[in-house]
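Participant: The structure's right below; bear with me while I get my questions together.
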Amino acid sequence: MKTKLIIVAIALIISFMGCNAQNENEEADFPELKGSYLGQKPPGMTPEIFAPGIISTENNLHSCPVFSKGGRFVFWKIMMSGDDNGIYFMEMKGDRWSKPNKVSFIEKVTDIYNDVPFYSPVDETLYFLSDRPDKNNNKERRLWYTNNNNDIWETPKLFEDIVPGNISLHWQFTISNSGNFFLTGTSDIGIGMYDIFIAEKMGDEYIIELLPEPINSKNSDICPFIAPDESYLIFASSDRNDGYGKCDIYICFKKPDNSYTSPINMGAGINSSGQEWCPIVTQDGKYLFFTSSRNGFHSAYWVDAKFIKELKPKNLK
């Protein structure tokens, strides 16, 4: 019996060592990526594919890559998720980025929807959308969050402050410095197929309201990104008269009365005959990320964000 136990133990050790060696080899085969934004050459005023073959692959993105405030992590969601729920990340280890890995804090369950990771602009909290069951076994699509403490990801917690009510949440959301959330969803109070809502923080409560026309339209208005100071709102919208393709990216600027300007198409430099969505400005304000199907796949593109100021109406400058 002792001999058998020893043989089994040795086999397990060899297997473990083999797995470690395989992982080390895979890591060694991965390109050496160093520096901020995976060491990619910064773009100019013309959008370029971000991290081709690493993040922008044939898997098709369902969200843009989002970097943590300190730049240590980057998360994104792939469109064809299979049984892995489709959320991936990379981590800066020392001075080198790890290869892409599936997140460890989401269980491998095929019937749970997990999507659009997004970092808070004020801390290192990572939010995402999920219909994972809560303590009451409610599977309504809600906001969940997690943090990394001492290299360990916490078990996700439900963000209980926001209760969607009669709104079915979908796709990208965003958060401002004041704690307001801008959300996409469908509702019987909506204007189009998908609409943008604000969950405004009022003391200890959140009040959800539909953003007015012409931000929302009779078509689909999705994927909002709010500037941390709420000075502008970027979003994607389909089939507008001034569009270049099926879905374009627009921007609205806040006016002195706290309302927003009519949506401004971000132009042919950003939009194409394909589909553009998931706009996100990096936390340092340097780059605009968005996804586009212009190359045949839904890839991540990035561009210098300086042009945003040029789109602002002169009477607001």
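In the structure tokens, each chain is lettered A, B, ... as it comes, each chain's residues begin at 1, and ligands are numbered from 1 in order of appearance.
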How would you write, as an MDAnalysis selection string, the set of residues in region 84-130 of chain A that DSSP gives as strand (DSSP E or B)?
Facilitator: chainID A and resid 87:93 96:97 101:102 114:119 126:130
Participant: Hey, could you make a per-residue contact list for region 229-288 of chain A against region 307-314 of chain A with 9 Å as the cut-off, showing the nearest pair of atoms and its distance in Å to one decimal, counting only C-alpha atoms, sorted by chain and number, as a Markdown table?
Facilitator:
```
| residue | atom | partner | partner_atom | distance |
| --- | --- | --- | --- | --- |
| A:Ile251 | CA | A:Leu311 | CA | 8.4 |
| A:Cys252 | CA | A:Lys312 | CA | 8.4 |
| A:Phe253 | CA | A:Lys312 | CA | 6.7 |
| A:Thr261 | CA | A:Pro313 | CA | 8.8 |
| A:Ile264 | CA | A:Leu311 | CA | 7.8 |
| A:Met266 | CA | A:Leu311 | CA | 7.6 |
| A:Leu288 | CA | A:Ile308 | CA | 9.0 |
```
Participant: Those residues you just picked out, can you put them in a file as a short mmCIF file (atom, residue, chain, number, x, y, z; two decimals), in the first residue's frame with N, CA and C atoms?
Facilitator:
```cif
data_model
loop_
_atom_site.label_atom_id
_atom_site.label_comp_id
_atom_site.auth_asym_id
_atom_site.auth_seq_id
_atom_site.Cartn_x
_atom_site.Cartn_y
_atom_site.Cartn_z
N ILE A 251 -20.75 62.27 -30.02
CA ILE A 251 -20.38 62.93 -28.78
C ILE A 251 -21.32 64.09 -28.51
N CYS A 252 -21.65 64.29 -27.24
CA CYS A 252 -22.44 65.43 -26.78
C CYS A 252 -21.65 66.15 -25.70
N PHE A 253 -21.70 67.48 -25.68
CA PHE A 253 -20.98 68.26 -24.69
C PHE A 253 -21.96 68.92 -23.73
N THR A 261 -25.50 69.04 -25.55
CA THR A 261 -25.73 69.44 -26.94
C THR A 261 -26.33 68.28 -27.72
N ILE A 264 -23.05 64.92 -31.93
CA ILE A 264 -22.16 65.29 -33.02
C ILE A 264 -21.46 64.03 -33.51
N MET A 266 -18.66 61.82 -34.78
CA MET A 266 -17.22 62.03 -34.58
C MET A 266 -16.42 61.97 -35.87
N LEU A 288 -8.61 57.63 -27.15
CA LEU A 288 -9.96 57.12 -27.32
C LEU A 288 -9.84 55.71 -27.89
#
```
Participant: Write out as a list in words the residues lying within 10 Å of region 150-160 of chain A, counting only C-alpha atoms and excluding same-chain residues fewer than 5 positions away.
Facilitator: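 The neighbour list is Val103, Ser104, Phe105, Ile106, Leu126, Tyr127, Phe128, Leu129, Ser130, Arg132, Pro133, Asp134, Lys135, Arg142, Leu143, Trp144 and Tyr145 of chain A.
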Participant: Would you put the residues from that selection into a file with C-alpha atoms, as a compact mmCIF listing (two decimals), in the first residue's frame?
Facilitator:
```
# COMPACT_ATOMS: atom_id res chain seq x y z
CA VAL A 103 -10.48 35.75 -15.39
CA SER A 104 -10.40 33.58 -12.29
CA PHE A 105 -13.28 35.24 -10.44
CA ILE A 106 -15.98 34.06 -12.87
CA LEU A 126 -13.66 46.54 -11.44
CA TYR A 127 -17.35 46.41 -12.41
CA PHE A 128 -19.01 44.11 -14.93
CA LEU A 129 -22.50 43.17 -16.08
CA SER A 130 -23.82 39.72 -15.18
CA ARG A 132 -25.28 35.44 -12.13
CA PRO A 133 -27.80 34.55 -9.40
CA ASP A 134 -27.85 36.72 -6.27
CA LYS A 135 -28.51 35.48 -2.72
CA ARG A 142 -27.21 43.56 -12.75
CA LEU A 143 -23.95 45.30 -11.97
CA TRP A 144 -21.35 43.31 -10.05
CA TYR A 145 -17.90 44.29 -8.83
```
Participant: Pick the closest to Ser299 (chain A) from A:Trp277, A:Phe181, A:Trp171, A:Phe197: which is it, counting only C-alpha atoms?
Facilitator: A:Trp277
